[in-house]
$ cat run00.txt   # compact mmCIF, C-alpha atoms
# COMPACT_ATOMS: atom_id res chain seq x y z
CA MET B 26 15.19 -18.27 -28.07
CA PRO B 27 18.59 -16.69 -27.51
CA THR B 28 18.18 -14.14 -30.29
CA ALA B 29 14.95 -12.73 -28.86
CA ARG B 30 16.50 -12.51 -25.42
CA SER B 31 19.59 -10.70 -26.62
CA GLY B 32 17.29 -8.34 -28.55
CA LEU B 33 15.37 -7.60 -25.35
CA GLY B 34 18.63 -6.99 -23.51
CA SER B 35 20.14 -4.74 -26.14
CA LYS B 36 16.94 -2.72 -26.46
CA THR B 37 16.83 -2.32 -22.67
CA ALA B 38 20.38 -0.98 -22.86
CA ALA B 39 19.36 1.31 -25.72
CA VAL B 40 16.42 2.74 -23.74
CA LEU B 41 18.74 3.28 -20.77
CA ALA B 42 21.39 4.93 -22.95
CA LYS B 43 18.77 7.20 -24.53
CA ASP B 44 17.50 8.26 -21.11
CA ILE B 45 20.99 8.94 -19.81
CA ARG B 46 21.82 10.99 -22.91
CA SER B 47 18.66 13.10 -22.70
CA GLU B 48 19.15 13.52 -18.96
CA LEU B 49 22.70 14.75 -19.49
CA ARG B 50 21.35 17.31 -21.98
CA THR B 51 18.63 18.77 -19.76
CA ARG B 52 19.74 17.61 -16.29
CA TYR B 53 16.14 18.03 -15.21
CA ALA B 54 15.62 15.02 -12.92
CA ILE B 55 19.09 15.04 -11.42
CA THR B 56 18.85 18.76 -10.61
CA ALA B 57 15.44 18.32 -8.98
CA ILE B 58 16.60 15.35 -6.93
CA VAL B 59 19.94 16.80 -5.84
CA MET B 60 18.51 20.22 -4.99
CA PHE B 61 15.76 18.63 -2.96
CA ALA B 62 18.28 16.46 -1.10
CA VAL B 63 20.65 19.37 -0.41
CA VAL B 64 17.86 21.68 0.75
CA SER B 65 16.29 19.13 3.07
CA ALA B 66 19.60 17.93 4.51
CA VAL B 67 20.57 21.53 5.20
CA ALA B 68 17.11 22.16 6.69
CA VAL B 69 17.50 19.20 9.00
CA GLY B 70 20.97 20.39 9.99
CA PHE B 71 19.70 23.93 10.65
CA ALA B 72 16.66 22.78 12.56
CA SER B 73 18.66 20.54 14.85
CA GLY B 74 21.04 23.50 15.35
CA GLY B 75 24.11 21.59 16.48
CA ILE B 76 22.22 19.30 18.83
CA SER B 77 23.28 15.74 18.10
CA LEU B 78 20.16 13.86 17.10
CA ASP B 79 19.25 10.45 18.39
CA LYS B 80 20.47 7.68 16.07
CA GLN B 81 16.92 6.43 15.60
CA ILE B 82 15.77 9.91 14.51
CA GLN B 83 18.77 10.19 12.18
CA ALA B 84 17.78 6.96 10.45
CA ILE B 85 14.16 8.12 10.12
CA LEU B 86 15.16 11.53 8.70
CA PHE B 87 17.66 9.95 6.32
CA TRP B 88 15.07 7.66 4.72
CA LEU B 89 12.33 10.28 4.65
CA VAL B 90 14.61 12.74 2.87
CA LEU B 91 15.70 9.98 0.49
CA PHE B 92 12.09 9.05 -0.26
CA PHE B 93 10.85 12.58 -0.88
CA ALA B 94 13.93 13.48 -2.91
CA SER B 95 13.32 10.46 -5.13
CA VAL B 96 9.66 11.49 -5.47
CA ALA B 97 10.90 14.84 -6.77
CA GLY B 98 12.72 13.24 -9.68
CA LEU B 99 11.73 9.66 -10.44
CA GLY B 100 8.26 10.57 -11.66
CA GLN B 101 9.78 12.38 -14.61
CA SER B 102 10.91 9.28 -16.50
CA PHE B 103 7.56 8.63 -18.17
CA ILE B 104 6.04 12.13 -17.95
CA LYS B 105 8.90 13.28 -20.18
CA GLU B 106 7.88 10.81 -22.90
CA GLU B 107 4.23 11.88 -22.73
CA GLU B 108 5.06 15.58 -22.84
CA ASN B 109 7.53 15.31 -25.71
CA GLY B 110 5.18 13.07 -27.64
CA THR B 111 7.77 10.31 -27.93
CA VAL B 112 5.57 7.61 -26.41
CA ASN B 113 4.47 6.10 -29.70
CA ALA B 114 7.98 6.06 -31.14
CA LEU B 115 9.23 4.29 -28.05
CA ARG B 116 6.31 1.86 -28.16
CA ILE B 117 7.09 0.92 -31.74
CA TYR B 118 10.83 0.69 -31.21
CA ALA B 119 11.07 -1.40 -28.05
CA PRO B 120 9.00 -4.19 -26.47
CA SER B 121 7.36 -3.09 -23.23
CA GLY B 122 9.71 -5.27 -21.16
CA SER B 123 12.69 -3.34 -22.47
CA VAL B 124 11.03 -0.01 -21.78
CA PHE B 125 10.32 -1.04 -18.20
CA GLY B 126 13.84 -2.44 -17.79
CA GLY B 127 15.48 0.67 -19.23
CA LYS B 128 13.44 3.04 -17.09
CA TYR B 129 14.03 0.90 -14.01
CA LEU B 130 17.80 0.94 -14.53
CA PHE B 131 17.73 4.67 -15.20
CA ASN B 132 15.81 5.34 -11.98
CA LEU B 133 18.25 3.08 -10.15
CA LEU B 134 21.19 5.12 -11.46
CA LEU B 135 19.45 8.36 -10.43
CA LEU B 136 18.91 7.00 -6.93
CA PHE B 137 22.54 5.90 -6.61
CA ALA B 138 23.66 9.35 -7.76
CA LEU B 139 21.34 10.86 -5.15
CA GLU B 140 22.78 8.63 -2.43
CA ILE B 141 26.37 9.51 -3.29
CA ILE B 142 25.42 13.10 -2.51
CA ILE B 143 23.05 12.62 0.38
CA VAL B 144 25.16 10.29 2.54
CA PRO B 145 28.13 12.70 2.87
CA LEU B 146 25.66 15.55 3.44
CA PHE B 147 24.06 13.67 6.30
CA ILE B 148 27.47 12.75 7.74
CA GLY B 149 28.58 16.38 7.53
CA LEU B 150 25.46 18.33 8.43
CA VAL B 151 23.36 16.03 10.58
CA GLY B 152 26.17 14.14 12.26
CA LEU B 153 25.32 10.70 10.94
CA GLN B 154 27.85 8.26 12.41
CA ILE B 155 27.96 4.91 10.68
CA GLU B 156 29.41 2.19 12.91
CA ASN B 157 28.94 -0.74 10.58
CA PHE B 158 29.59 0.56 7.07
CA TRP B 159 28.93 -2.70 5.20
CA LEU B 160 25.57 -3.21 6.88
CA PHE B 161 24.66 0.40 6.10
CA LEU B 162 25.65 -0.10 2.47
CA ALA B 163 23.76 -3.40 2.16
CA VAL B 164 20.57 -1.87 3.59
CA LEU B 165 20.95 1.20 1.39
CA VAL B 166 21.50 -0.80 -1.82
CA SER B 167 18.74 -3.33 -1.19
CA GLY B 168 16.38 -0.53 -0.15
CA THR B 169 17.22 1.39 -3.32
CA LEU B 170 16.48 -1.65 -5.49
CA GLY B 171 13.02 -1.86 -3.95
CA LEU B 172 12.43 1.88 -4.17
CA ALA B 173 13.24 1.91 -7.88
CA GLY B 174 11.22 -1.28 -8.45
CA SER B 175 7.98 0.00 -6.99
CA THR B 176 8.22 3.61 -8.16
CA THR B 177 8.95 2.80 -11.83
CA LEU B 178 5.47 1.38 -12.39
CA VAL B 179 3.89 4.23 -10.41
CA ALA B 180 5.76 6.68 -12.66
CA ALA B 181 4.28 4.92 -15.69
CA ILE B 182 0.79 5.12 -14.13
CA ILE B 183 0.90 8.82 -13.26
CA ALA B 184 2.21 9.79 -16.71
CA LYS B 185 -1.28 8.85 -17.98
CA ALA B 186 -3.14 10.90 -15.34
CA SER B 187 -3.56 14.57 -14.51
CA MET B 188 -2.14 16.26 -11.35
CA LYS B 189 0.99 14.20 -11.94
CA GLY B 190 3.31 15.72 -9.36
CA VAL B 191 1.10 15.28 -6.31
CA LEU B 192 -0.21 11.94 -7.48
CA PHE B 193 3.26 10.40 -7.63
CA ALA B 194 3.85 10.99 -3.92
CA VAL B 195 0.30 9.91 -3.01
CA LEU B 196 0.52 6.66 -4.97
CA SER B 197 4.05 5.66 -4.05
CA PHE B 198 3.86 6.34 -0.33
CA PRO B 199 1.60 3.41 0.68
CA LEU B 200 3.57 1.06 -1.58
CA VAL B 201 6.93 2.13 -0.19
CA LEU B 202 5.76 2.25 3.44
CA PRO B 203 6.83 -1.32 4.38
CA LEU B 204 10.18 -0.75 2.67
CA LEU B 205 10.77 2.51 4.55
CA VAL B 206 9.97 0.97 7.91
CA ILE B 207 12.33 -1.97 7.43
CA ALA B 208 15.08 0.16 5.89
CA ILE B 209 14.89 2.57 8.85
CA LYS B 210 15.24 -0.37 11.26
CA GLY B 211 18.21 -1.73 9.32
CA THR B 212 19.92 1.65 9.07
CA GLU B 213 19.43 2.19 12.77
CA LYS B 214 21.20 -1.11 13.45
CA ALA B 215 24.10 -0.01 11.23
CA LEU B 216 24.40 3.25 13.18
CA TYR B 217 24.92 1.37 16.43
CA GLU B 218 27.82 -1.00 16.88
CA ASN B 219 26.27 -4.12 15.53
CA ALA B 220 27.58 -7.13 13.69
CA PHE B 221 26.50 -7.55 10.08
CA VAL B 222 24.32 -10.50 11.10
CA ALA B 223 22.18 -8.22 13.27
CA GLY B 224 20.65 -6.69 10.15
CA TRP B 225 20.31 -9.93 8.23
CA MET B 226 16.52 -10.07 8.65
CA GLU B 227 16.12 -6.51 7.33
CA ILE B 228 18.30 -7.19 4.30
CA ARG B 229 16.37 -10.35 3.47
CA VAL B 230 13.04 -8.54 3.70
CA LEU B 231 14.33 -5.62 1.62
CA VAL B 232 15.71 -7.92 -1.08
CA SER B 233 12.49 -9.93 -1.25
CA TYR B 234 10.46 -6.71 -1.40
CA ALA B 235 12.67 -5.51 -4.25
CA VAL B 236 12.35 -8.78 -6.17
CA VAL B 237 8.57 -9.08 -5.71
CA MET B 238 7.81 -5.44 -6.52
CA THR B 239 10.11 -5.34 -9.54
CA VAL B 240 8.72 -8.58 -10.98
CA ALA B 241 5.14 -7.38 -10.32
CA GLY B 242 5.96 -4.07 -11.97
CA PHE B 243 7.49 -5.86 -14.96
CA LEU B 244 4.43 -8.09 -15.37
CA LEU B 245 1.87 -5.33 -14.86
CA PHE B 246 3.68 -2.81 -17.04
CA ASP B 247 1.96 -4.05 -20.22
CA PHE B 248 -1.44 -2.97 -18.88
CA VAL B 249 -0.22 0.55 -18.21
CA TRP B 250 2.00 1.06 -21.23
CA ASN B 251 -0.22 -0.17 -24.07
CA ASP B 252 -3.33 1.94 -24.53
CA MET W 15 -41.60 -15.67 -6.96
CA LYS W 16 -38.28 -13.87 -7.09
CA ILE W 17 -39.61 -10.97 -5.03
CA ARG W 18 -40.91 -13.40 -2.39
CA THR W 19 -37.52 -14.96 -1.69
CA ASP W 20 -36.02 -11.48 -1.65
CA ILE W 21 -38.37 -10.34 1.10
CA ILE W 22 -37.83 -13.49 3.15
CA TRP W 23 -34.11 -12.97 2.94
CA LYS W 24 -34.38 -9.35 4.08
CA ILE W 25 -36.65 -10.24 7.01
CA GLY W 26 -34.17 -12.93 7.97
CA LEU W 27 -31.38 -10.37 7.95
CA LEU W 28 -33.46 -8.02 10.12
CA LEU W 29 -34.08 -10.78 12.67
CA LEU W 30 -30.44 -11.83 12.62
CA LEU W 31 -29.15 -8.27 13.18
CA SER W 32 -31.72 -7.72 15.96
CA TRP W 33 -30.50 -10.91 17.62
CA VAL W 34 -26.88 -9.75 17.32
CA ILE W 35 -27.70 -6.39 18.94
CA VAL W 36 -29.73 -7.93 21.79
CA GLY W 37 -27.27 -10.76 22.21
CA ALA W 38 -24.21 -8.54 22.27
CA TRP W 39 -25.57 -5.86 24.61
CA VAL W 40 -27.97 -7.77 26.89
CA TRP W 41 -27.87 -11.53 26.64
CA GLU W 42 -24.12 -12.08 26.70
CA PRO W 43 -22.62 -11.54 30.19
CA PRO W 44 -19.65 -9.15 30.56
CA MET W 45 -16.35 -10.84 29.87
CA GLY W 46 -14.75 -12.24 33.01
CA GLY W 47 -11.15 -11.91 34.06
CA VAL W 48 -10.41 -8.54 32.42
CA SER W 49 -10.19 -5.07 33.94
CA THR W 50 -12.84 -3.48 31.69
CA PRO W 51 -15.43 -6.24 31.10
CA GLU W 52 -18.13 -4.14 29.40
CA ILE W 53 -16.10 -2.67 26.55
CA TYR W 54 -15.35 -6.12 25.14
CA ARG W 55 -18.88 -6.10 23.70
CA ILE W 56 -17.54 -4.02 20.83
CA PHE W 57 -15.89 -7.22 19.61
CA TYR W 58 -19.24 -8.41 18.19
CA PHE W 59 -19.32 -5.40 15.85
CA HIS W 60 -15.66 -4.59 15.33
CA VAL W 61 -14.51 -8.01 14.09
CA PRO W 62 -17.33 -8.44 11.53
CA MET W 63 -16.63 -4.94 10.19
CA ALA W 64 -12.94 -5.77 9.81
CA LEU W 65 -13.92 -9.01 8.07
CA VAL W 66 -16.19 -7.13 5.66
CA THR W 67 -13.35 -4.67 4.97
CA PHE W 68 -11.10 -7.51 3.83
CA LEU W 69 -13.91 -9.15 1.83
CA ALA W 70 -14.78 -5.90 0.08
CA TYR W 71 -11.19 -4.97 -0.74
CA GLY W 72 -10.49 -8.54 -1.87
CA LEU W 73 -13.57 -8.37 -4.11
CA ALA W 74 -12.41 -5.00 -5.47
CA MET W 75 -9.06 -6.47 -6.45
CA ILE W 76 -10.49 -9.68 -7.96
CA GLN W 77 -12.94 -7.65 -10.07
CA GLY W 78 -10.04 -5.43 -11.08
CA ILE W 79 -8.09 -8.46 -12.29
CA ALA W 80 -11.22 -9.65 -14.13
CA TYR W 81 -11.35 -6.27 -15.85
CA LEU W 82 -7.72 -6.55 -16.97
CA LYS W 83 -8.51 -9.97 -18.45
CA ARG W 84 -11.87 -9.30 -20.10
CA ARG W 85 -11.79 -5.52 -20.71
CA ASP W 86 -15.46 -5.11 -19.81
CA LEU W 87 -16.26 -1.91 -17.88
CA GLU W 88 -18.88 -3.80 -15.86
CA PHE W 89 -16.03 -5.38 -13.87
CA ASP W 90 -14.54 -1.97 -13.20
CA LEU W 91 -17.90 -0.78 -11.91
CA ARG W 92 -18.02 -3.75 -9.55
CA SER W 93 -14.44 -3.17 -8.49
CA SER W 94 -14.85 0.51 -7.66
CA THR W 95 -18.19 -0.08 -5.91
CA ALA W 96 -16.60 -2.73 -3.70
CA ALA W 97 -13.67 -0.41 -3.00
CA VAL W 98 -15.99 2.39 -1.83
CA LEU W 99 -17.88 0.04 0.50
CA GLY W 100 -14.60 -1.46 1.73
CA THR W 101 -13.39 2.00 2.64
CA ILE W 102 -16.58 2.78 4.59
CA PHE W 103 -16.26 -0.47 6.56
CA CYS W 104 -12.52 0.11 6.97
CA VAL W 105 -13.15 3.50 8.60
CA LEU W 106 -15.86 1.98 10.81
CA ALA W 107 -13.58 -0.88 11.87
CA ALA W 108 -10.70 1.51 12.55
CA VAL W 109 -12.86 3.92 14.59
CA SER W 110 -14.56 1.21 16.63
CA GLY W 111 -11.19 -0.44 17.26
CA SER W 112 -9.65 2.88 18.18
CA VAL W 113 -12.35 3.62 20.78
CA PHE W 114 -11.76 0.17 22.25
CA ALA W 115 -7.98 0.69 22.21
CA ARG W 116 -8.32 3.93 24.18
CA PHE W 117 -9.94 2.11 27.10
CA ALA W 118 -8.28 -1.28 26.86
CA TRP W 119 -4.72 -0.35 25.89
CA GLY W 120 -4.53 3.28 26.98
CA SER W 121 -4.30 5.20 23.72
CA PHE W 122 -6.39 5.65 20.59
CA TRP W 123 -3.65 4.41 18.30
CA ASN W 124 -0.91 1.97 19.30
CA TRP W 125 0.72 0.95 16.00
CA ASP W 126 -0.24 -2.63 16.70
CA PRO W 127 0.29 -4.85 13.59
CA ARG W 128 -3.40 -5.08 12.78
CA GLU W 129 -3.99 -1.37 13.29
CA THR W 130 -1.06 -0.71 10.99
CA SER W 131 -2.24 -3.06 8.27
CA ILE W 132 -5.75 -1.58 8.26
CA LEU W 133 -4.26 1.92 8.06
CA MET W 134 -2.12 0.70 5.18
CA LEU W 135 -5.21 -0.59 3.34
CA LEU W 136 -6.92 2.72 3.94
CA LEU W 137 -3.93 4.64 2.53
CA ILE W 138 -3.75 2.38 -0.53
CA TYR W 139 -7.42 2.84 -1.33
CA LEU W 140 -7.36 6.59 -0.69
CA ALA W 141 -4.50 6.72 -3.21
CA TYR W 142 -6.61 4.50 -5.49
CA PHE W 143 -9.50 6.99 -5.37
CA SER W 144 -7.23 9.95 -6.04
CA LEU W 145 -5.84 8.07 -9.04
CA ARG W 146 -9.37 7.44 -10.32
CA ALA W 147 -10.22 11.11 -9.84
CA ALA W 148 -7.17 12.12 -11.90
CA VAL W 149 -8.02 10.05 -15.01
CA VAL W 150 -10.91 11.01 -17.29
CA ASP W 151 -11.06 8.25 -19.89
CA PRO W 152 -13.07 5.34 -18.35
CA GLU W 153 -11.05 2.54 -20.00
CA ARG W 154 -7.77 4.06 -18.91
CA LYS W 155 -9.13 4.78 -15.43
CA ALA W 156 -10.18 1.13 -15.06
CA ARG W 157 -6.85 -0.18 -16.31
CA LEU W 158 -4.64 2.05 -14.18
CA SER W 159 -6.62 1.64 -10.98
CA ALA W 160 -6.80 -2.16 -11.32
CA THR W 161 -3.03 -2.28 -11.85
CA TYR W 162 -2.44 -0.06 -8.85
CA SER W 163 -4.70 -2.14 -6.60
CA ILE W 164 -2.68 -5.29 -7.41
CA LEU W 165 0.56 -3.52 -6.54
CA GLY W 166 -1.04 -2.17 -3.37
CA PHE W 167 -2.18 -5.65 -2.40
CA ILE W 168 1.40 -6.93 -2.61
CA ALA W 169 2.65 -4.06 -0.46
CA ALA W 170 -0.13 -4.71 2.07
CA VAL W 171 0.85 -8.38 2.31
CA PHE W 172 4.40 -7.28 3.07
CA THR W 173 3.19 -5.02 5.88
CA ILE W 174 1.03 -7.74 7.37
CA PHE W 175 3.94 -10.18 7.53
CA VAL W 176 6.67 -7.72 8.42
CA TRP W 177 5.03 -5.52 11.01
CA PRO W 178 4.71 -8.10 13.85
CA ARG W 179 8.51 -8.17 13.89
CA ILE W 180 8.62 -4.42 14.53
CA THR W 181 5.98 -4.01 17.23
CA PRO W 182 4.39 -6.80 19.25
CA GLY W 183 0.68 -7.39 18.72
CA LEU W 184 -1.98 -6.26 21.17
CA HIS W 185 -4.91 -7.98 19.48
CA PRO W 186 -5.90 -11.30 21.03
CA GLY W 187 -4.55 -14.16 18.95
CA ALA W 188 -2.10 -11.92 17.07
CA PRO W 189 1.50 -13.06 16.71
CA GLY W 190 3.54 -11.73 19.61
CA SER W 191 0.55 -10.76 21.73
CA SER W 192 0.49 -11.44 25.45
CA GLY W 193 -2.95 -13.00 25.18
CA GLY W 194 -1.61 -16.19 23.64
CA LYS W 195 -2.13 -17.54 20.15
CA VAL W 196 -5.40 -19.38 20.55
CA ILE W 197 -8.63 -17.72 21.57
CA VAL W 198 -11.20 -20.03 23.08
CA MET W 199 -14.75 -18.75 22.76
CA SER W 200 -17.55 -20.12 24.89
CA ALA W 201 -20.60 -21.61 23.17
CA ARG W 202 -22.59 -18.62 24.37
CA THR W 203 -20.16 -16.16 22.78
CA LEU W 204 -20.18 -18.12 19.53
CA MET W 205 -23.98 -17.98 19.45
CA VAL W 206 -23.73 -14.20 19.07
CA PHE W 207 -20.43 -13.95 17.22
CA VAL W 208 -21.16 -16.35 14.33
CA PRO W 209 -24.59 -14.78 13.54
CA SER W 210 -22.88 -11.39 13.67
CA LEU W 211 -20.33 -12.46 11.03
CA VAL W 212 -23.11 -13.85 8.83
CA ALA W 213 -25.33 -10.79 9.32
CA PHE W 214 -22.62 -8.23 8.53
CA THR W 215 -21.48 -10.18 5.47
CA SER W 216 -25.01 -10.38 4.07
CA LEU W 217 -25.60 -6.73 4.95
CA PHE W 218 -22.53 -5.95 2.86
CA GLY W 219 -23.92 -8.11 0.03
CA TRP W 220 -27.18 -6.18 0.11
CA ILE W 221 -25.56 -2.72 0.16
CA TYR W 222 -23.22 -3.88 -2.61
CA SER W 223 -26.02 -5.01 -4.95
CA LEU W 224 -27.97 -1.79 -4.25
CA SER W 225 -25.04 0.50 -4.93
CA LEU W 226 -24.15 -1.50 -8.06
CA ARG W 227 -27.65 -0.81 -9.40
CA VAL W 228 -27.37 2.90 -8.51
CA ASN W 229 -23.91 3.18 -10.08
CA ARG W 230 -25.10 1.50 -13.29
CA PHE W 231 -27.77 4.18 -13.65
CA VAL W 232 -25.22 6.90 -12.98
CA GLU W 233 -22.85 5.46 -15.60
CA GLU W 234 -25.61 5.26 -18.21
CA ASP W 235 -26.36 8.99 -17.99

$ encode --input "run00.txt" --output "structure tokens"
Amino acid sequence: MPTARSGLGSKTAAVLAKDIRSELRTRYAITAIVMFAVVSAVAVGFASGGISLDKQIQAILFWLVLFFASVAGLGQSFIKEEENGTVNALRIYAPSGSVFGGKYLFNLLLLFALEIIIVPLFIGLVGLQIENFWLFLAVLVSGTLGLAGSTTLVAAIIAKASMKGVLFAVLSFPLVLPLLVIAIKGTEKALYENAFVAGWMEIRVLVSYAVVMTVAGFLLFDFVWND
Amino acid sequence: MKIRTDIIWKIGLLLLLSWVIVGAWVWEPPMGGVSTPEIYRIFYFHVPMALVTFLAYGLAMIQGIAYLKRRDLEFDLRSSTAAVLGTIFCVLAAVSGSVFARFAWGSFWNWDPRETSILMLLLIYLAYFSLRAAVVDPERKARLSATYSILGFIAAVFTIFVWPRITPGLHPGAPGSSGGKVIVMSARTLMVFVPSLVAFTSLFGWIYSLSLRVNRFVEED
């Protein structure tokens, strides 16, 4: 049914637009994420104190900072709805698929915004030297897709629990672990002089992780969203 | 009549476990052709415990899915009981393997693919228990934890397939291990190993049915 599909799409866009608008008003998530990224990148720069870090360690630090910075902000997307009491309105207005889609896209945008800030910071403060830019970008984008895919459902889960802040990190870490390991490997390859093909395996794994986790999140979202 | 068969079954399990202990420590000769022949005896206990870990966690997830379909809290009770037992066996398998690894491979933890995947399972289920602790409403607790365990299962499958590409395996028969892909066990080894698998699995079944009964009483209060 084309009408139903276009309705789903337009409602997804509406949920996304609503989230962007309310984020631009409060700037809560983006502030948390950016401040976390700046503080930890500066901390890494200070701690290394001008010593040039091993490329492997740079890749590990980059993804760990990225992961914990995203934990600082991505959890907010559903907590916000619970705290403001807008859950029921949203549930009536949009089908659960659209809610998941909108939140997923919003988290994706937040992560891209975070990366635009964190990559120059790492280049400037930690001395990250990217030899193969396109490989770096491909690993970063495919890793981000997976990160947003698996954390969106976790954000929906923790919004219904207590101790939300801690729980988000605890629940997402084991899920994101395989992604982090592969993304670190891929980033490391991009930091050395490697052809794009060298990281092909990593990109394939990251893309399949992103697809599987996002589809699983989309299918399981109903169970979390509808009380 | 029902009690009779129950007792026979338990006596059978006792005899089977006694045979496994005697067989593994006394009857079976030390493994030939390796530098530390005696420590390989742990294999008769470590592998069954790892097997029970996977069975218990698998059962926990299947019961979780059954809960999501039928919305009966009985399934959630089964799921969480299996998850608790799985975690106990997971810790036992990890510790026994780690002791073996110290003497066979030189360090307690080597980030071998199987060590990593069992650690991953442990992390997922520790997160699962902290999620359960953070939700009060039983229906909601059941729903959220079942959903999380499915997601965790998918992530664990990724680790199991991806990790051998990162570090080569040390376990015999693991992809990338130096020991080769096929393990040939002698008839004598199998005579201890197969009963051990059966005994540990039925031991798990017994503990599981006992703790289910206990947990049902606890829930009723």

$ closest_atom_pairs --input "run00.txt" --of "chain W" --to "chain B" --cutoff "10 Å" --atoms "all atoms listed in the file" --output "JSON lines"
{"residue": "W:Leu82", "atom": "CA", "partner": "B:Phe248", "partner_atom": "CA", "distance": 7.5}
{"residue": "W:Lys83", "atom": "CA", "partner": "B:Phe248", "partner_atom": "CA", "distance": 10.0}
{"residue": "W:Leu133", "atom": "CA", "partner": "B:Pro199", "partner_atom": "CA", "distance": 9.5}
{"residue": "W:Met134", "atom": "CA", "partner": "B:Pro199", "partner_atom": "CA", "distance": 6.4}
{"residue": "W:Leu135", "atom": "CA", "partner": "B:Pro199", "partner_atom": "CA", "distance": 8.3}
{"residue": "W:Leu136", "atom": "CA", "partner": "B:Pro199", "partner_atom": "CA", "distance": 9.1}
{"residue": "W:Leu137", "atom": "CA", "partner": "B:Pro199", "partner_atom": "CA", "distance": 6.0}
{"residue": "W:Ile138", "atom": "CA", "partner": "B:Pro199", "partner_atom": "CA", "distance": 5.6}
{"residue": "W:Tyr139", "atom": "CA", "partner": "B:Pro199", "partner_atom": "CA", "distance": 9.3}
{"residue": "W:Leu140", "atom": "CA", "partner": "B:Val195", "partner_atom": "CA", "distance": 8.7}
{"residue": "W:Ala141", "atom": "CA", "partner": "B:Leu196", "partner_atom": "CA", "distance": 5.3}
{"residue": "W:Tyr142", "atom": "CA", "partner": "B:Leu196", "partner_atom": "CA", "distance": 7.5}
{"residue": "W:Ser144", "atom": "CA", "partner": "B:Leu192", "partner_atom": "CA", "distance": 7.4}
{"residue": "W:Leu145", "atom": "CA", "partner": "B:Leu192", "partner_atom": "CA", "distance": 7.0}
{"residue": "W:Arg146", "atom": "CA", "partner": "B:Ala186", "partner_atom": "CA", "distance": 8.7}
{"residue": "W:Ala147", "atom": "CA", "partner": "B:Ser187", "partner_atom": "CA", "distance": 8.8}
{"residue": "W:Ala148", "atom": "CA", "partner": "B:Ser187", "partner_atom": "CA", "distance": 5.1}
{"residue": "W:Val149", "atom": "CA", "partner": "B:Ala186", "partner_atom": "CA", "distance": 5.0}
{"residue": "W:Val150", "atom": "CA", "partner": "B:Ala186", "partner_atom": "CA", "distance": 8.0}
{"residue": "W:Asp151", "atom": "CA", "partner": "B:Ala186", "partner_atom": "CA", "distance": 9.5}
{"residue": "W:Glu153", "atom": "CA", "partner": "B:Asp252", "partner_atom": "CA", "distance": 9.0}
{"residue": "W:Arg154", "atom": "CA", "partner": "B:Asp252", "partner_atom": "CA", "distance": 7.5}
{"residue": "W:Lys155", "atom": "CA", "partner": "B:Ala186", "partner_atom": "CA", "distance": 8.6}
{"residue": "W:Arg157", "atom": "CA", "partner": "B:Phe248", "partner_atom": "CA", "distance": 6.6}
{"residue": "W:Leu158", "atom": "CA", "partner": "B:Val249", "partner_atom": "CA", "distance": 6.2}
{"residue": "W:Ser159", "atom": "CA", "partner": "B:Ile182", "partner_atom": "CA", "distance": 8.8}
{"residue": "W:Ala160", "atom": "CA", "partner": "B:Phe248", "partner_atom": "CA", "distance": 9.3}
{"residue": "W:Thr161", "atom": "CA", "partner": "B:Leu245", "partner_atom": "CA", "distance": 6.5}
{"residue": "W:Tyr162", "atom": "CA", "partner": "B:Val179", "partner_atom": "CA", "distance": 7.8}
{"residue": "W:Ile164", "atom": "CA", "partner": "B:Ala241", "partner_atom": "CA", "distance": 8.6}
{"residue": "W:Leu165", "atom": "CA", "partner": "B:Ala241", "partner_atom": "CA", "distance": 7.1}
{"residue": "W:Gly166", "atom": "CA", "partner": "B:Leu200", "partner_atom": "CA", "distance": 5.9}
{"residue": "W:Phe167", "atom": "CA", "partner": "B:Leu200", "partner_atom": "CA", "distance": 8.9}
{"residue": "W:Ile168", "atom": "CA", "partner": "B:Met238", "partner_atom": "CA", "distance": 7.7}
{"residue": "W:Ala169", "atom": "CA", "partner": "B:Leu200", "partner_atom": "CA", "distance": 5.3}
{"residue": "W:Ala170", "atom": "CA", "partner": "B:Leu200", "partner_atom": "CA", "distance": 7.8}
{"residue": "W:Val171", "atom": "CA", "partner": "B:Pro203", "partner_atom": "CA", "distance": 9.5}
{"residue": "W:Phe172", "atom": "CA", "partner": "B:Pro203", "partner_atom": "CA", "distance": 6.6}
{"residue": "W:Thr173", "atom": "CA", "partner": "B:Pro203", "partner_atom": "CA", "distance": 5.4}
{"residue": "W:Ile174", "atom": "CA", "partner": "B:Pro203", "partner_atom": "CA", "distance": 9.2}
{"residue": "W:Phe175", "atom": "CA", "partner": "B:Pro203", "partner_atom": "CA", "distance": 9.8}
{"residue": "W:Val176", "atom": "CA", "partner": "B:Pro203", "partner_atom": "CA", "distance": 7.6}
{"residue": "W:Trp177", "atom": "CA", "partner": "B:Pro203", "partner_atom": "CA", "distance": 8.1}
{"residue": "W:Arg179", "atom": "CA", "partner": "B:Ile207", "partner_atom": "CA", "distance": 9.7}
{"residue": "W:Ile180", "atom": "CA", "partner": "B:Ile207", "partner_atom": "CA", "distance": 8.4}

$ residues_around --input "run00.txt" --residues "B:Ser77" --least-positions-apart "4" --cutoff "10 Å" --atoms "only C-alpha atoms" --output "ChimeraX atom specification"
/B:70,73,83,151-153

$ closest_residue --input "run00.txt" --among "W:Tyr58, W:Gly37, W:Ala156, W:Ala107" --to "W:Arg84" --atoms "all atoms listed in the file"
W:Ala156

$ closest_residue --input "run00.txt" --among "B:Leu162, B:Ile228, B:Ile55, B:Ala68" --to "B:Leu216" --atoms "only C-alpha atoms"
B:Leu162

$ closest_residue --input "run00.txt" --among "B:Tyr129, B:Phe243, B:Tyr118, B:Phe137" --to "B:Lys36" --atoms "only C-alpha atoms"
B:Tyr118
